[in-house]
Amino acid sequence: MDPSSAAVEVRKNETTRLYEALSDGQVVGNLAYEATGGRVALTHSYVDQDQRHRGIGSALARFALEDLSQSETKPRIYCGFVADYADDHPEWKGSVEINRSAFIATRTARDSQRGRQ
């Protein structure tokens, strides 16, 4: 199957503070968020290892950013994957606040830093 053709549904679960990606009814990835003092921060994303490189992380990032664009304040991004997604999509320039100093050194964050030097 072509990875880009995989049907992915994304939903917001306010109880667990997760955006969840579902494939065939099963949660295969999530993006955590924290809401404090009227601000929302996207903190960490995860996609099941056997589901990676299929656009699931991008679907989570897109859904969350579109959802948060309804807010009056800019969402803060602490997740390296979502920060890279926002950097790669100019429509988000100026509408998010990226804090790369708070990143945990993941492969994505290391690779993106190496490419920007």
# chains A, B, ... in the order shown; residues from 1 in each chain; ligands from 1
$ select_by_dssp --residues "range 74-106 of chain A" --states "alpha helix (DSSP H)" --output "list of chain:residue names"
A:Gly80, A:Phe81, A:Val82, A:Ala83, A:Asp84, A:Tyr85, A:Ala86, A:Asp87, A:Asp88
$ write_last_selection --atoms "N, CA and C atoms" --output "PDB file, in the first residue's frame"
ATOM      1  N   GLY A  80       9.840  18.766  18.716  1.00  0.00           N
ATOM      2  CA  GLY A  80      10.715  18.936  17.558  1.00  0.00           C
ATOM      3  C   GLY A  80      10.049  18.618  16.232  1.00  0.00           C
ATOM      4  N   PHE A  81       9.245  17.555  16.190  1.00  0.00           N
ATOM      5  CA  PHE A  81       8.587  17.188  14.939  1.00  0.00           C
ATOM      6  C   PHE A  81       7.609  18.277  14.500  1.00  0.00           C
ATOM      7  N   VAL A  82       6.815  18.768  15.425  1.00  0.00           N
ATOM      8  CA  VAL A  82       5.830  19.797  15.075  1.00  0.00           C
ATOM      9  C   VAL A  82       6.532  21.100  14.700  1.00  0.00           C
ATOM     10  N   ALA A  83       7.635  21.410  15.373  1.00  0.00           N
ATOM     11  CA  ALA A  83       8.406  22.604  15.013  1.00  0.00           C
ATOM     12  C   ALA A  83       8.934  22.489  13.578  1.00  0.00           C
ATOM     13  N   ASP A  84       9.459  21.324  13.229  1.00  0.00           N
ATOM     14  CA  ASP A  84       9.938  21.106  11.858  1.00  0.00           C
ATOM     15  C   ASP A  84       8.787  21.214  10.866  1.00  0.00           C
ATOM     16  N   TYR A  85       7.627  20.657  11.227  1.00  0.00           N
ATOM     17  CA  TYR A  85       6.450  20.740  10.360  1.00  0.00           C
ATOM     18  C   TYR A  85       6.069  22.201  10.127  1.00  0.00           C
ATOM     19  N   ALA A  86       6.018  22.984  11.201  1.00  0.00           N
ATOM     20  CA  ALA A  86       5.651  24.403  11.071  1.00  0.00           C
ATOM     21  C   ALA A  86       6.688  25.155  10.235  1.00  0.00           C
ATOM     22  N   ASP A  87       7.963  24.854  10.427  1.00  0.00           N
ATOM     23  CA  ASP A  87       9.017  25.494   9.634  1.00  0.00           C
ATOM     24  C   ASP A  87       8.886  25.166   8.149  1.00  0.00           C
ATOM     25  N   ASP A  88       8.461  23.939   7.849  1.00  0.00           N
ATOM     26  CA  ASP A  88       8.338  23.488   6.457  1.00  0.00           C
ATOM     27  C   ASP A  88       7.061  23.955   5.769  1.00  0.00           C
TER      28      ASP A  88
END
$ closest_residue --among "A:Ala35, A:Val47, A:Val40, A:Cys79" --to "Ser23 in chain A" --atoms "only C-alpha atoms"
A:Val47
$ atom_distance --atom1 "CA of Asn99 in chain A" --atom2 "CA of Tyr78 in chain A"
5.6 Å
$ closest_residue --among "A:Ala41, A:Ile98, A:Leu31, A:Leu22" --to "Arg62 in chain A" --atoms "only C-alpha atoms"
A:Leu31
$ select_by_dssp --residues "chain A" --states "strand (DSSP E or B)" --output "PyMOL selection string"
chain A and resi 9-13+18-23+26-36+39-47+76-77+97-98
$ atom_distance --atom1 "CA of Arg76 in chain A" --atom2 "CA of Gln51 in chain A"
26.2 Å
$ closest_residue --among "A:Leu18, A:Leu42, A:Val28, A:Ala59" --to "Val96 in chain A" --atoms "only C-alpha atoms"
A:Leu42
$ closest_residue --among "A:Gly25, A:Arg54, A:Trp92, A:Pro75" --to "Arg11 in chain A" --atoms "only C-alpha atoms"
A:Gly25
$ residues_around --residues "Arg52 in chain A" --least-positions-apart "4" --cutoff "10 Å" --atoms "only C-alpha atoms" --output "VMD selection string"
chain A and resid 3 28 to 29 46 to 48 56 to 57
$ write_last_selection --atoms "C-alpha atoms" --output "PDB file, in the first residue's frame"
ATOM      1  CA  PRO A   3       2.005   5.172   2.554  1.00  0.00           C
ATOM      2  CA  VAL A  28      -1.416   4.680  16.226  1.00  0.00           C
ATOM      3  CA  GLY A  29      -0.009   8.036  17.300  1.00  0.00           C
ATOM      4  CA  TYR A  46       4.671   9.752  19.201  1.00  0.00           C
ATOM      5  CA  VAL A  47       3.797   7.426  16.321  1.00  0.00           C
ATOM      6  CA  ASP A  48       3.915   3.634  16.629  1.00  0.00           C
ATOM      7  CA  ILE A  56       0.656  10.245  10.550  1.00  0.00           C
ATOM      8  CA  GLY A  57       2.887  12.709  12.412  1.00  0.00           C
TER       9      GLY A  57
END
$ atom_distance --atom1 "CA of Ala32 in chain A" --atom2 "CA of Thr15 in chain A"
11.4 Å
$ residues_around --residues "Tyr19 in chain A" --least-positions-apart "3" --cutoff "8 Å" --atoms "only C-alpha atoms" --output "MDAnalysis selection string"
chainID A and resid 10:13 30:33 60 64
$ write_last_selection --atoms "C-alpha atoms" --output "compact mmCIF listing (two decimals), in the first residue's frame"
# COMPACT_ATOMS: atom_id res chain seq x y z
CA VAL A 10 -7.30 12.60 13.93
CA ARG A 11 -9.31 13.65 16.97
CA LYS A 12 -8.79 15.77 20.06
CA ASN A 13 -9.18 13.96 23.38
CA ASN A 30 -0.57 11.03 19.52
CA LEU A 31 0.49 14.60 20.14
CA ALA A 32 0.42 15.80 23.75
CA TYR A 33 -0.59 19.30 24.72
CA LEU A 60 -1.36 15.15 13.85
CA ALA A 64 -3.50 20.40 16.08
$ residues_around --residues "Thr73 in chain A" --least-positions-apart "2" --cutoff "9 Å" --atoms "only C-alpha atoms" --output "compact mmCIF listing (two decimals) with C-alpha atoms, in the first residue's frame"
# COMPACT_ATOMS: atom_id res chain seq x y z
CA GLY A 38 -4.79 30.63 28.57
CA ARG A 39 -1.82 29.33 26.56
CA VAL A 40 -1.48 25.96 24.85
CA LEU A 68 -5.29 25.87 17.84
CA SER A 69 -5.46 28.54 15.13
CA GLN A 70 -8.96 29.27 16.46
CA SER A 71 -7.37 30.54 19.69
CA PRO A 75 0.44 28.04 20.51
CA SER A 95 1.20 32.13 14.01
CA VAL A 96 3.15 29.80 16.32
$ decode --residues "range 8-83 of chain A" --atoms "C-alpha atoms" --output "PDB file, in the first residue's frame"
ATOM      1  CA  VAL A   8      -5.865   8.480   9.098  1.00  0.00           C
ATOM      2  CA  GLU A   9      -8.455  10.061  11.360  1.00  0.00           C
ATOM      3  CA  VAL A  10      -7.297  12.604  13.934  1.00  0.00           C
ATOM      4  CA  ARG A  11      -9.307  13.646  16.973  1.00  0.00           C
ATOM      5  CA  LYS A  12      -8.791  15.774  20.061  1.00  0.00           C
ATOM      6  CA  ASN A  13      -9.179  13.964  23.384  1.00  0.00           C
ATOM      7  CA  GLU A  14      -9.587  16.687  26.012  1.00  0.00           C
ATOM      8  CA  THR A  15      -9.664  14.185  28.875  1.00  0.00           C
ATOM      9  CA  THR A  16      -6.133  12.919  28.183  1.00  0.00           C
ATOM     10  CA  ARG A  17      -4.924  16.193  26.574  1.00  0.00           C
ATOM     11  CA  LEU A  18      -3.886  14.320  23.437  1.00  0.00           C
ATOM     12  CA  TYR A  19      -4.507  14.698  19.754  1.00  0.00           C
ATOM     13  CA  GLU A  20      -4.873  11.096  18.617  1.00  0.00           C
ATOM     14  CA  ALA A  21      -4.294   9.568  15.189  1.00  0.00           C
ATOM     15  CA  LEU A  22      -6.360   6.507  14.353  1.00  0.00           C
ATOM     16  CA  SER A  23      -5.893   3.993  11.577  1.00  0.00           C
ATOM     17  CA  ASP A  24      -8.542   1.300  11.179  1.00  0.00           C
ATOM     18  CA  GLY A  25     -10.055   2.416  14.503  1.00  0.00           C
ATOM     19  CA  GLN A  26      -6.816   1.929  16.455  1.00  0.00           C
ATOM     20  CA  VAL A  27      -4.779   4.758  18.005  1.00  0.00           C
ATOM     21  CA  VAL A  28      -1.416   4.680  16.226  1.00  0.00           C
ATOM     22  CA  GLY A  29      -0.009   8.036  17.300  1.00  0.00           C
ATOM     23  CA  ASN A  30      -0.568  11.032  19.523  1.00  0.00           C
ATOM     24  CA  LEU A  31       0.489  14.599  20.138  1.00  0.00           C
ATOM     25  CA  ALA A  32       0.417  15.803  23.745  1.00  0.00           C
ATOM     26  CA  TYR A  33      -0.585  19.303  24.716  1.00  0.00           C
ATOM     27  CA  GLU A  34      -0.734  21.316  27.918  1.00  0.00           C
ATOM     28  CA  ALA A  35      -3.101  24.219  28.555  1.00  0.00           C
ATOM     29  CA  THR A  36      -1.978  26.675  31.231  1.00  0.00           C
ATOM     30  CA  GLY A  37      -2.949  30.279  31.845  1.00  0.00           C
ATOM     31  CA  GLY A  38      -4.794  30.629  28.566  1.00  0.00           C
ATOM     32  CA  ARG A  39      -1.817  29.328  26.562  1.00  0.00           C
ATOM     33  CA  VAL A  40      -1.484  25.963  24.852  1.00  0.00           C
ATOM     34  CA  ALA A  41       1.805  24.152  24.334  1.00  0.00           C
ATOM     35  CA  LEU A  42       2.394  21.186  22.017  1.00  0.00           C
ATOM     36  CA  THR A  43       4.879  19.146  23.994  1.00  0.00           C
ATOM     37  CA  HIS A  44       5.555  15.723  22.493  1.00  0.00           C
ATOM     38  CA  SER A  45       4.485  13.495  19.637  1.00  0.00           C
ATOM     39  CA  TYR A  46       4.671   9.752  19.201  1.00  0.00           C
ATOM     40  CA  VAL A  47       3.797   7.426  16.321  1.00  0.00           C
ATOM     41  CA  ASP A  48       3.915   3.634  16.629  1.00  0.00           C
ATOM     42  CA  GLN A  49       7.142   2.377  15.109  1.00  0.00           C
ATOM     43  CA  ASP A  50       5.409   0.222  12.484  1.00  0.00           C
ATOM     44  CA  GLN A  51       3.262   3.206  11.420  1.00  0.00           C
ATOM     45  CA  ARG A  52       6.055   5.742  10.868  1.00  0.00           C
ATOM     46  CA  HIS A  53       6.839   7.394   7.511  1.00  0.00           C
ATOM     47  CA  ARG A  54       3.166   7.268   6.502  1.00  0.00           C
ATOM     48  CA  GLY A  55       2.220  10.892   7.158  1.00  0.00           C
ATOM     49  CA  ILE A  56       0.656  10.245  10.550  1.00  0.00           C
ATOM     50  CA  GLY A  57       2.887  12.709  12.412  1.00  0.00           C
ATOM     51  CA  SER A  58       2.159  15.357   9.790  1.00  0.00           C
ATOM     52  CA  ALA A  59      -1.572  14.685  10.070  1.00  0.00           C
ATOM     53  CA  LEU A  60      -1.362  15.152  13.853  1.00  0.00           C
ATOM     54  CA  ALA A  61       0.635  18.389  13.501  1.00  0.00           C
ATOM     55  CA  ARG A  62      -1.707  19.807  10.851  1.00  0.00           C
ATOM     56  CA  PHE A  63      -4.857  18.951  12.824  1.00  0.00           C
ATOM     57  CA  ALA A  64      -3.499  20.399  16.084  1.00  0.00           C
ATOM     58  CA  LEU A  65      -2.260  23.607  14.452  1.00  0.00           C
ATOM     59  CA  GLU A  66      -5.571  24.086  12.641  1.00  0.00           C
ATOM     60  CA  ASP A  67      -7.458  23.448  15.884  1.00  0.00           C
ATOM     61  CA  LEU A  68      -5.288  25.872  17.839  1.00  0.00           C
ATOM     62  CA  SER A  69      -5.463  28.542  15.133  1.00  0.00           C
ATOM     63  CA  GLN A  70      -8.965  29.273  16.455  1.00  0.00           C
ATOM     64  CA  SER A  71      -7.373  30.541  19.689  1.00  0.00           C
ATOM     65  CA  GLU A  72      -6.534  34.179  20.311  1.00  0.00           C
ATOM     66  CA  THR A  73      -2.992  33.318  21.439  1.00  0.00           C
ATOM     67  CA  LYS A  74      -0.133  31.670  19.570  1.00  0.00           C
ATOM     68  CA  PRO A  75       0.442  28.043  20.514  1.00  0.00           C
ATOM     69  CA  ARG A  76       3.888  27.267  21.874  1.00  0.00           C
ATOM     70  CA  ILE A  77       5.724  24.393  20.246  1.00  0.00           C
ATOM     71  CA  TYR A  78       8.182  22.334  22.272  1.00  0.00           C
ATOM     72  CA  CYS A  79       7.894  19.206  20.099  1.00  0.00           C
ATOM     73  CA  GLY A  80      10.715  18.936  17.558  1.00  0.00           C
ATOM     74  CA  PHE A  81       8.587  17.188  14.939  1.00  0.00           C
ATOM     75  CA  VAL A  82       5.830  19.797  15.075  1.00  0.00           C
ATOM     76  CA  ALA A  83       8.406  22.604  15.013  1.00  0.00           C
TER      77      ALA A  83
END
